[in-house]
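To be precise, the following lines are upload_18.txt, and they hold compact mmCIF, C-alpha atoms.
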# COMPACT_ATOMS: atom_id res chain seq x y z
CA MET V 226 -103.35 243.37 112.08
CA LYS V 227 -106.96 244.19 111.26
CA ILE V 228 -108.96 244.54 114.48
CA SER V 229 -112.64 245.31 115.04
CA VAL V 230 -113.85 246.68 118.39
CA ILE V 231 -117.51 245.86 119.10
CA GLY V 232 -118.77 248.55 121.46
CA ASP V 233 -118.18 252.30 121.31
CA GLY V 234 -118.13 252.99 125.04
CA ALA V 235 -115.17 254.49 126.86
CA TRP V 236 -113.21 251.25 127.24
CA GLY V 237 -113.69 250.06 123.68
CA THR V 238 -112.66 253.47 122.37
CA ALA V 239 -109.58 253.66 124.60
CA LEU V 240 -108.38 250.22 123.51
CA ALA V 241 -109.00 251.09 119.87
CA LEU V 242 -106.69 254.08 120.32
CA ASN V 243 -104.08 251.88 122.02
CA MET V 244 -104.07 249.43 119.11
CA LEU V 245 -103.90 252.27 116.58
CA LYS V 246 -100.80 253.46 118.44
CA ASN V 247 -99.27 250.05 117.78
CA GLY V 248 -99.84 250.41 114.04
CA HIS V 249 -102.88 248.15 113.62
CA ARG V 250 -105.89 248.86 111.40
CA VAL V 251 -108.79 249.37 113.79
CA SER V 252 -112.53 249.84 113.36
CA LEU V 253 -115.00 250.77 116.11
CA TRP V 254 -118.62 249.58 115.94
CA GLY V 255 -121.52 251.23 117.77
CA ALA V 256 -125.21 250.40 117.99
CA PHE V 257 -126.66 253.90 117.54
CA PRO V 258 -126.19 255.36 114.02
CA GLU V 259 -127.11 258.94 114.92
CA TYR V 260 -124.52 259.04 117.67
CA LEU V 261 -121.91 257.44 115.42
CA ASN V 262 -122.46 260.23 112.90
CA GLU V 263 -121.81 262.75 115.67
CA ILE V 264 -118.60 260.94 116.67
CA ILE V 265 -117.43 260.99 113.05
CA ALA V 266 -118.24 264.69 112.68
CA ARG V 267 -116.58 265.71 115.96
CA ARG V 268 -113.84 263.01 115.99
CA GLU V 269 -114.66 262.69 119.69
CA ASN V 270 -116.67 260.15 121.70
CA TYR V 271 -118.03 263.00 123.78
CA LYS V 272 -120.59 261.02 125.81
CA PHE V 273 -118.22 258.34 127.04
CA LEU V 274 -114.68 259.65 126.55
CA PRO V 275 -114.87 263.44 126.35
CA GLY V 276 -111.82 265.50 125.48
CA VAL V 277 -109.98 262.69 123.65
CA LYS V 278 -109.33 263.27 119.95
CA LEU V 279 -110.10 260.34 117.64
CA PRO V 280 -107.68 260.16 114.69
CA GLU V 281 -108.97 259.89 111.13
CA GLU V 282 -107.35 256.45 110.88
CA LEU V 283 -109.95 255.04 113.29
CA VAL V 284 -112.79 253.64 111.18
CA ILE V 285 -116.19 254.15 112.83
CA THR V 286 -119.07 252.00 111.60
CA GLY V 287 -122.61 250.95 112.39
CA ASP V 288 -122.52 247.93 110.07
CA LEU V 289 -122.09 244.93 112.35
CA ALA V 290 -121.68 242.33 109.62
CA ASP V 291 -118.96 244.41 108.00
CA ALA V 292 -117.30 244.97 111.37
CA VAL V 293 -116.85 241.25 112.06
CA SER V 294 -116.00 240.05 108.54
CA ALA V 295 -112.40 239.39 107.46
CA GLN V 296 -110.83 240.47 110.76
CA ASP V 297 -107.64 239.14 112.34
CA MET V 298 -109.14 239.62 115.80
CA ILE V 299 -112.40 240.86 117.28
CA LEU V 300 -112.50 242.73 120.57
CA LEU V 301 -115.78 242.64 122.51
CA ALA V 302 -116.38 245.80 124.55
CA THR V 303 -120.15 245.42 124.91
CA PRO V 304 -121.70 245.63 128.41
CA THR V 305 -122.40 242.17 129.78
CA GLN V 306 -126.19 242.42 129.89
CA PHE V 307 -126.35 243.35 126.18
CA LEU V 308 -123.65 240.99 124.97
CA ARG V 309 -125.76 237.94 124.13
CA SER V 310 -128.09 239.90 121.84
CA VAL V 311 -125.09 241.42 120.02
CA LEU V 312 -123.43 238.00 119.64
CA LYS V 313 -126.61 236.60 118.07
CA LYS V 314 -126.36 239.31 115.42
CA ILE V 315 -122.64 238.68 114.95
CA ALA V 316 -122.93 234.91 114.52
CA PRO V 317 -124.04 234.73 110.84
CA ALA V 318 -121.04 236.79 109.64
CA PHE V 319 -118.52 235.46 112.16
CA ASP V 320 -115.61 233.24 111.14
CA PRO V 321 -115.06 230.71 113.98
CA ALA V 322 -111.31 230.81 113.28
CA THR V 323 -111.15 234.45 114.40
CA PRO V 324 -109.81 234.97 117.95
CA VAL V 325 -112.12 236.95 120.24
CA ILE V 326 -110.87 239.21 123.03
CA ASN V 327 -113.34 240.23 125.73
CA VAL V 328 -112.83 243.33 127.88
CA ALA V 329 -116.26 243.68 129.55
CA LYS V 330 -116.63 242.63 133.19
CA GLY V 331 -119.74 241.06 134.63
CA ILE V 332 -122.11 238.13 135.13
CA GLU V 333 -125.24 237.71 133.01
CA ILE V 334 -128.56 238.13 134.80
CA ASP V 335 -130.73 234.98 135.13
CA SER V 336 -128.20 232.58 133.56
CA TRP V 337 -125.45 233.75 135.98
CA LYS V 338 -122.94 232.90 133.28
CA ARG V 339 -119.49 234.39 132.79
CA ILE V 340 -118.76 236.11 129.48
CA SER V 341 -116.67 233.20 128.15
CA GLU V 342 -119.70 230.96 128.71
CA ILE V 343 -122.02 233.39 126.90
CA VAL V 344 -119.59 233.56 123.97
CA THR V 345 -119.43 229.75 123.79
CA ASP V 346 -123.25 229.57 123.78
CA GLU V 347 -123.53 231.92 120.82
CA LEU V 348 -120.32 231.44 118.80
CA GLY V 349 -119.17 227.95 119.77
CA ASN V 350 -115.79 226.79 121.10
CA ILE V 351 -113.63 229.55 119.69
CA ASP V 352 -110.24 231.02 120.57
CA PHE V 353 -111.26 233.23 123.53
CA ILE V 354 -109.07 235.64 125.50
CA ASP V 355 -110.17 237.72 128.49
CA LEU V 356 -108.40 241.03 129.19
CA SER V 357 -108.76 242.51 132.66
CA GLY V 358 -106.96 244.56 135.28
CA PRO V 359 -106.77 248.04 136.87
CA SER V 360 -107.38 250.11 133.77
CA HIS V 361 -109.70 253.11 133.63
CA ALA V 362 -110.42 254.10 130.04
CA GLU V 363 -109.93 257.78 130.83
CA GLU V 364 -106.29 257.13 131.75
CA VAL V 365 -105.50 254.52 129.08
CA SER V 366 -106.76 256.90 126.36
CA ARG V 367 -104.23 259.49 127.61
CA GLN V 368 -101.43 256.91 127.66
CA VAL V 369 -101.08 256.81 131.44
CA PRO V 370 -98.89 253.79 132.39
CA THR V 371 -101.22 250.80 132.87
CA ALA V 372 -100.81 247.05 133.47
CA VAL V 373 -103.40 244.37 132.66
CA VAL V 374 -103.57 240.60 132.23
CA ALA V 375 -104.68 238.58 129.18
CA ALA V 376 -106.03 235.13 130.06
CA ALA V 377 -106.59 232.23 127.66
CA GLU V 378 -106.66 228.48 127.97
CA ASN V 379 -104.24 228.44 125.05
CA GLU V 380 -101.12 230.22 126.29
CA SER V 381 -100.08 231.23 122.77
CA SER V 382 -103.37 233.12 122.34
CA ALA V 383 -102.68 235.17 125.46
CA LYS V 384 -99.20 235.90 124.12
CA ASP V 385 -100.72 237.04 120.80
CA VAL V 386 -102.83 239.61 122.66
CA GLN V 387 -99.79 240.63 124.67
CA LYS V 388 -97.96 241.34 121.42
CA LEU V 389 -100.99 243.07 119.89
CA MET V 390 -101.54 245.57 122.70
CA MET V 391 -98.34 246.01 124.66
CA ASN V 392 -96.39 249.27 124.31
CA ASP V 393 -94.58 251.85 126.46
CA SER V 394 -97.78 252.92 128.25
CA PHE V 395 -99.75 249.65 128.26
CA ARG V 396 -98.14 246.55 129.79
CA VAL V 397 -99.81 243.15 129.31
CA TYR V 398 -99.13 240.04 131.38
CA THR V 399 -100.48 236.57 130.53
CA SER V 400 -102.42 233.92 132.43
CA ARG V 401 -104.17 230.61 131.70
CA ASP V 402 -106.80 231.13 134.42
CA VAL V 403 -109.71 232.46 132.37
CA VAL V 404 -112.24 231.76 135.13
CA GLY V 405 -110.26 233.58 137.80
CA VAL V 406 -109.45 236.57 135.61
CA GLU V 407 -113.09 236.93 134.51
CA LEU V 408 -114.42 236.68 138.04
CA GLY V 409 -111.82 239.08 139.44
CA GLY V 410 -112.95 241.70 136.96
CA ALA V 411 -116.63 241.06 137.65
CA LEU V 412 -116.74 240.69 141.43
CA LYS V 413 -114.56 243.72 142.22
CA ASN V 414 -117.39 245.90 140.87
CA VAL V 415 -119.62 244.76 143.74
CA MET V 416 -116.88 245.66 146.22
CA ALA V 417 -116.50 249.06 144.54
CA ILE V 418 -120.14 249.77 145.36
CA ALA V 419 -119.37 248.93 148.98
CA ALA V 420 -116.35 251.26 148.91
CA GLY V 421 -118.49 254.03 147.47
CA ILE V 422 -121.06 253.60 150.24
CA ILE V 423 -118.32 254.05 152.83
CA ASP V 424 -117.09 257.19 151.04
CA GLY V 425 -120.62 258.53 150.61
CA MET V 426 -121.21 258.17 154.34
CA LYS V 427 -117.82 259.78 155.03
CA LEU V 428 -116.89 256.98 157.42
CA GLY V 429 -113.14 257.25 156.90
CA ASP V 430 -110.21 255.04 155.94
CA ASN V 431 -110.46 252.20 158.47
CA PRO V 432 -113.74 250.70 157.22
CA LYS V 433 -112.71 251.03 153.58
CA ALA V 434 -109.43 249.19 154.17
CA ALA V 435 -111.27 246.48 156.12
CA MET V 436 -113.90 246.09 153.40
CA MET V 437 -111.34 245.84 150.61
CA THR V 438 -109.30 243.25 152.51
CA ARG V 439 -112.28 241.09 153.39
CA GLY V 440 -113.72 241.75 149.93
CA ILE V 441 -110.78 240.21 148.11
CA PHE V 442 -111.07 237.24 150.48
CA GLU V 443 -114.72 236.76 149.47
CA MET V 444 -113.84 237.15 145.81
CA SER V 445 -111.12 234.50 146.01
CA LEU V 446 -113.35 232.03 147.89
CA LEU V 447 -116.14 232.34 145.33
CA GLY V 448 -113.68 232.31 142.43
CA GLU V 449 -112.07 229.11 143.64
CA ALA V 450 -115.46 227.46 144.09
CA LEU V 451 -116.31 228.30 140.48
CA GLY V 452 -113.06 226.84 139.13
CA GLY V 453 -110.62 229.73 139.29
CA GLN V 454 -107.22 229.72 140.96
CA ARG V 455 -107.12 231.47 144.30
CA SER V 456 -103.71 232.98 143.52
CA THR V 457 -105.19 234.87 140.55
CA PHE V 458 -107.09 237.11 142.95
CA ALA V 459 -103.78 238.38 144.34
CA GLY V 460 -102.93 239.66 140.86
CA LEU V 461 -103.97 242.41 138.47
CA SER V 462 -107.54 241.21 137.84
CA GLY V 463 -108.12 240.71 141.56
CA ILE V 464 -106.49 242.98 144.11
CA GLY V 465 -105.18 245.29 141.37
CA ASP V 466 -108.58 245.98 139.86
CA LEU V 467 -110.16 246.09 143.32
CA ILE V 468 -107.81 248.87 144.46
CA VAL V 469 -108.32 251.09 141.42
CA THR V 470 -112.10 250.63 141.30
CA CYS V 471 -112.61 251.21 145.01
CA CYS V 472 -110.40 254.30 145.15
CA SER V 473 -110.83 256.14 141.85
CA GLY V 474 -113.17 258.97 140.96
CA HIS V 475 -113.47 257.43 137.48
CA SER V 476 -115.29 254.36 138.85
CA ARG V 477 -118.97 254.15 137.91
CA ASN V 478 -119.56 251.44 140.51
CA ARG V 479 -117.97 253.48 143.26
CA HIS V 480 -120.18 256.40 142.17
CA VAL V 481 -123.29 254.25 142.61
CA GLY V 482 -122.11 253.34 146.10
CA GLU V 483 -121.42 256.96 147.00
CA GLU V 484 -124.94 257.95 146.03
CA LEU V 485 -126.39 255.05 148.03
CA GLY V 486 -124.25 256.11 150.99
CA ARG V 487 -125.74 259.60 150.73
CA GLY V 488 -129.21 258.13 151.07
CA ARG V 489 -130.36 258.09 147.44
CA LYS V 490 -132.51 255.30 145.97
CA MET V 491 -131.14 252.91 143.36
CA ASN V 492 -133.82 253.70 140.76
CA ASP V 493 -133.02 257.42 140.95
CA ILE V 494 -129.30 256.70 140.52
CA ARG V 495 -130.00 254.51 137.46
CA LEU V 496 -132.10 257.22 135.84
CA GLU V 497 -129.44 259.86 136.43
CA MET V 498 -126.68 257.66 134.92
CA GLY V 499 -128.62 257.04 131.71
CA LEU V 500 -126.59 255.00 129.22
CA VAL V 501 -123.57 254.77 131.52
CA VAL V 502 -123.39 251.21 132.84
CA ALA V 503 -122.38 250.18 136.37
CA GLU V 504 -121.87 246.42 136.01
CA GLY V 505 -121.65 245.89 139.77
CA VAL V 506 -125.40 246.35 140.12
CA PRO V 507 -126.48 243.24 138.16
CA THR V 508 -123.31 241.39 139.20
CA ALA V 509 -124.33 241.70 142.86
CA LYS V 510 -127.42 239.65 142.06
CA GLY V 511 -125.46 237.07 140.09
CA ALA V 512 -122.68 236.79 142.67
CA LYS V 513 -125.18 236.20 145.47
CA ALA V 514 -126.96 233.51 143.45
CA LEU V 515 -123.69 231.74 142.63
CA ALA V 516 -122.49 231.94 146.23
CA GLU V 517 -125.71 230.29 147.40
CA LYS V 518 -125.49 227.63 144.68
CA PHE V 519 -121.91 226.71 145.61
CA ASN V 520 -122.39 227.22 149.37
CA VAL V 521 -119.79 230.01 149.70
CA THR V 522 -120.05 232.55 152.53
CA THR V 523 -120.10 236.07 151.04
CA PRO V 524 -121.38 238.53 153.68
CA ILE V 525 -120.30 241.73 151.87
CA ILE V 526 -121.84 240.63 148.57
CA ASN V 527 -125.04 239.65 150.40
CA GLU V 528 -125.35 243.03 152.09
CA ILE V 529 -124.72 244.95 148.86
CA TYR V 530 -127.44 242.85 147.23
CA SER V 531 -129.83 243.72 150.07
CA ILE V 532 -129.07 247.44 149.79
CA ILE V 533 -129.61 247.50 146.02
CA TYR V 534 -132.53 245.12 145.61
CA GLU V 535 -134.28 245.15 149.00
CA GLU V 536 -133.64 248.81 149.97
CA ARG V 537 -131.93 247.76 153.19
CA PRO V 538 -130.62 250.85 155.02
CA VAL V 539 -126.84 251.06 154.60
CA SER V 540 -126.38 251.63 158.33
CA ASP V 541 -128.18 248.33 159.05
CA ALA V 542 -125.96 246.51 156.54
CA ILE V 543 -122.78 247.84 158.14
CA ARG V 544 -124.03 246.96 161.61
CA ALA V 545 -124.83 243.41 160.46
CA LEU V 546 -121.32 242.97 159.04
CA MET V 547 -119.66 244.25 162.20
CA ASN V 548 -121.80 242.04 164.47
CA ARG V 549 -121.13 238.75 162.70
CA ASP V 550 -119.87 235.90 164.87
CA ALA V 551 -116.19 236.13 165.89
CA LYS V 552 -113.87 233.92 163.83
CA PRO V 553 -110.25 233.52 162.68
CA GLU V 554 -109.14 235.78 159.82
CA GLU V 555 -108.57 232.91 157.41
CA ILE V 556 -112.27 231.85 157.55
Any chance you could give the structure as structure tokens?
Amino acid sequence: MKISVIGDGAWGTALALNMLKNGHRVSLWGAFPEYLNEIIARRENYKFLPGVKLPEELVITGDLADAVSAQDMILLATPTQFLRSVLKKIAPAFDPATPVINVAKGIEIDSWKRISEIVTDELGNIDFIDLSGPSHAEEVSRQVPTAVVAAAENESSAKDVQKLMMNDSFRVYTSRDVVGVELGGALKNVMAIAAGIIDGMKLGDNPKAAMMTRGIFEMSLLGEALGGQRSTFAGLSGIGDLIVTCCSGHSRNRHVGEELGRGRKMNDIRLEMGLVVAEGVPTAKGAKALAEKFNVTTPIINEIYSIIYEERPVSDAIRALMNRDAKPEEI
């Protein structure tokens, strides 16, 4: 198949390599021509995926219209907050019959929309598949065994992606719960910031285990309120992605939390990270807004929001969580 990956970050690059391994013709689009020329010259995406050789078969392009024309599938790997602007540029050259796979994870600021909703706004009611799960690009690019889930309302579309991507190092399951899979991938980034704070403060294992357990509970409550299936959050895009993002040194969101836990300010952390995106930061704002709109209790999300956007001391946030009213575990 002929596949175009829109977004030359670590995840888009890693998935491009995975599909090349399966014998597909793959192109990788990026927004910055000068950097693309460096990638082509080095055959390495050294800013986002250093040390991984890019084969000559991988076509690298800065021409967006060319990248989306006459493709069998398009894979969106553009950070959530930039996606709408990229889709507007894609729309004139886009064939609505082309299936679109999304692999970014987040909620759009201000609209508080999921990525499937953003895609519908800009491209119409197309064949949309969301791919999510515990899958760091650094490991996928080195063919470390990985399992993810492809979700589509049309089950055959999810199976098409399963066939497209699955191999001996990359296992793909299917689901019809697009809402749940999208929200699992988005909300776990907020919890990863919380995990990083605990690690940055060197508090130990007990609070991290408690946070992750109560975190997945919050995620499932909010996901169900927004139309997802609660059982989805016990799967790869829920607890699976939560575990890897909260525990791995590869996690950008966990890194943000660690720096906050060490007493650093959010603006300083943003400046240091540069082009590297931590989707949990804007998602914390969106998740809090959605929880308030749908009257869902999300104490961990609320405290992470306060730490990031109101400069609440992390010690005060932890104290507030521990001193909440006593209640049964299932509430």
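Across V:Leu242, V:Val311, V:Ala376, V:Ala542, the tightest approach to V:Ile423 is made by V:Ala542 when counting all atoms listed in the file.
Here atom CA of V:Asn243 stands at a distance of 11.3 Å from atom CA of V:Leu279.
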Calculate how many Å separate atom CA of V:Leu451 from atom CA of V:Lys433, rounding to one decimal.
->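 Spanning atom CA of V:Leu451 to atom CA of V:Lys433 is a straight-line distance of 26.5 Å.
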Contacts of stretch 518-531 of chain V at 8 Å (only C-alpha atoms; same-chain gap of 4+ positions) as JSON, numbers by chain = {"V": [415, 416, 418, 419, 436, 440, 443, 446, 447, 450, 451, 509, 510, 512, 513, 514, 535, 536, 537, 542, 546]}
Separation of atom CA of V:Ala383 from atom CA of V:Thr399 in Å =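 So the answer is 5.7 Å.
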12 Å contact set for V:Met391, all atoms listed in the file, chain neighbours under 6 positions out, as a list of chain:residue names |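 So, after excluding close chain neighbours, the residues are V:Leu240, V:Asn243, V:Met244, V:Leu245, V:Lys246, V:Asn247, V:Gly248, V:Val365, V:Gln368, V:Pro370, V:Thr371, V:Ala372, V:Val373, V:Val374, V:Ala375, V:Ala383, V:Lys384, V:Asp385, V:Val397, V:Tyr398, V:Thr399.
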Within 7 Å of V:Val328 using all atoms listed in the file, minus same-chain residues under 2 positions, as a count of residues only | 7
Would you mind listing what lies within 7 Å of V:Asp233 as a VMD selection string, with only C-alpha atoms counted and same-chain residues fewer than 6 positions away left out?
-> chain V and resid 253 to 255
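Using only C-alpha atoms, the nearest neighbour of V:Ser445 within the list V:Ile556, V:Met547, V:Val230, V:Cys472 is V:Ile556.
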Just the residues within 12 Å of V:Ile464, please, counting only C-alpha atoms, with nothing from its chain fewer than 6 positions along; format it as an MDAnalysis selection string.
-> chainID V and resid 357:359 373 405:406 408:410 412:414 416:417 437:445 455:458 470:471
Restricting the output to C-alpha atoms, write the selected residues as a short mmCIF file (atom, residue, chain, number, x, y, z; two decimals), in the coordinates of the input.
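Wrote it out as out-v3.cif, contents follow:
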data_model
loop_
_atom_site.label_atom_id
_atom_site.label_comp_id
_atom_site.auth_asym_id
_atom_site.auth_seq_id
_atom_site.Cartn_x
_atom_site.Cartn_y
_atom_site.Cartn_z
CA SER V 357 -108.76 242.51 132.66
CA GLY V 358 -106.96 244.56 135.28
CA PRO V 359 -106.77 248.04 136.87
CA VAL V 373 -103.40 244.37 132.66
CA GLY V 405 -110.26 233.58 137.80
CA VAL V 406 -109.45 236.57 135.61
CA LEU V 408 -114.42 236.68 138.04
CA GLY V 409 -111.82 239.08 139.44
CA GLY V 410 -112.95 241.70 136.96
CA LEU V 412 -116.74 240.69 141.43
CA LYS V 413 -114.56 243.72 142.22
CA ASN V 414 -117.39 245.90 140.87
CA MET V 416 -116.88 245.66 146.22
CA ALA V 417 -116.50 249.06 144.54
CA MET V 437 -111.34 245.84 150.61
CA THR V 438 -109.30 243.25 152.51
CA ARG V 439 -112.28 241.09 153.39
CA GLY V 440 -113.72 241.75 149.93
CA ILE V 441 -110.78 240.21 148.11
CA PHE V 442 -111.07 237.24 150.48
CA GLU V 443 -114.72 236.76 149.47
CA MET V 444 -113.84 237.15 145.81
CA SER V 445 -111.12 234.50 146.01
CA ARG V 455 -107.12 231.47 144.30
CA SER V 456 -103.71 232.98 143.52
CA THR V 457 -105.19 234.87 140.55
CA PHE V 458 -107.09 237.11 142.95
CA THR V 470 -112.10 250.63 141.30
CA CYS V 471 -112.61 251.21 145.01
#
Which of V:Thr323, V:Gln454, V:Thr345, V:Ser366 sits closest to V:Ser382 [using all atoms listed in the file] =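 That would be V:Thr323, the residue with the smallest distance to V:Ser382.
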Quick one: of V:Asp424, V:Glu555, V:Glu380, V:Glu347, who's nearest to V:Arg401, counting only C-alpha atoms?
->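 Counting only C-alpha atoms, the residue closest to V:Arg401 is V:Glu380.
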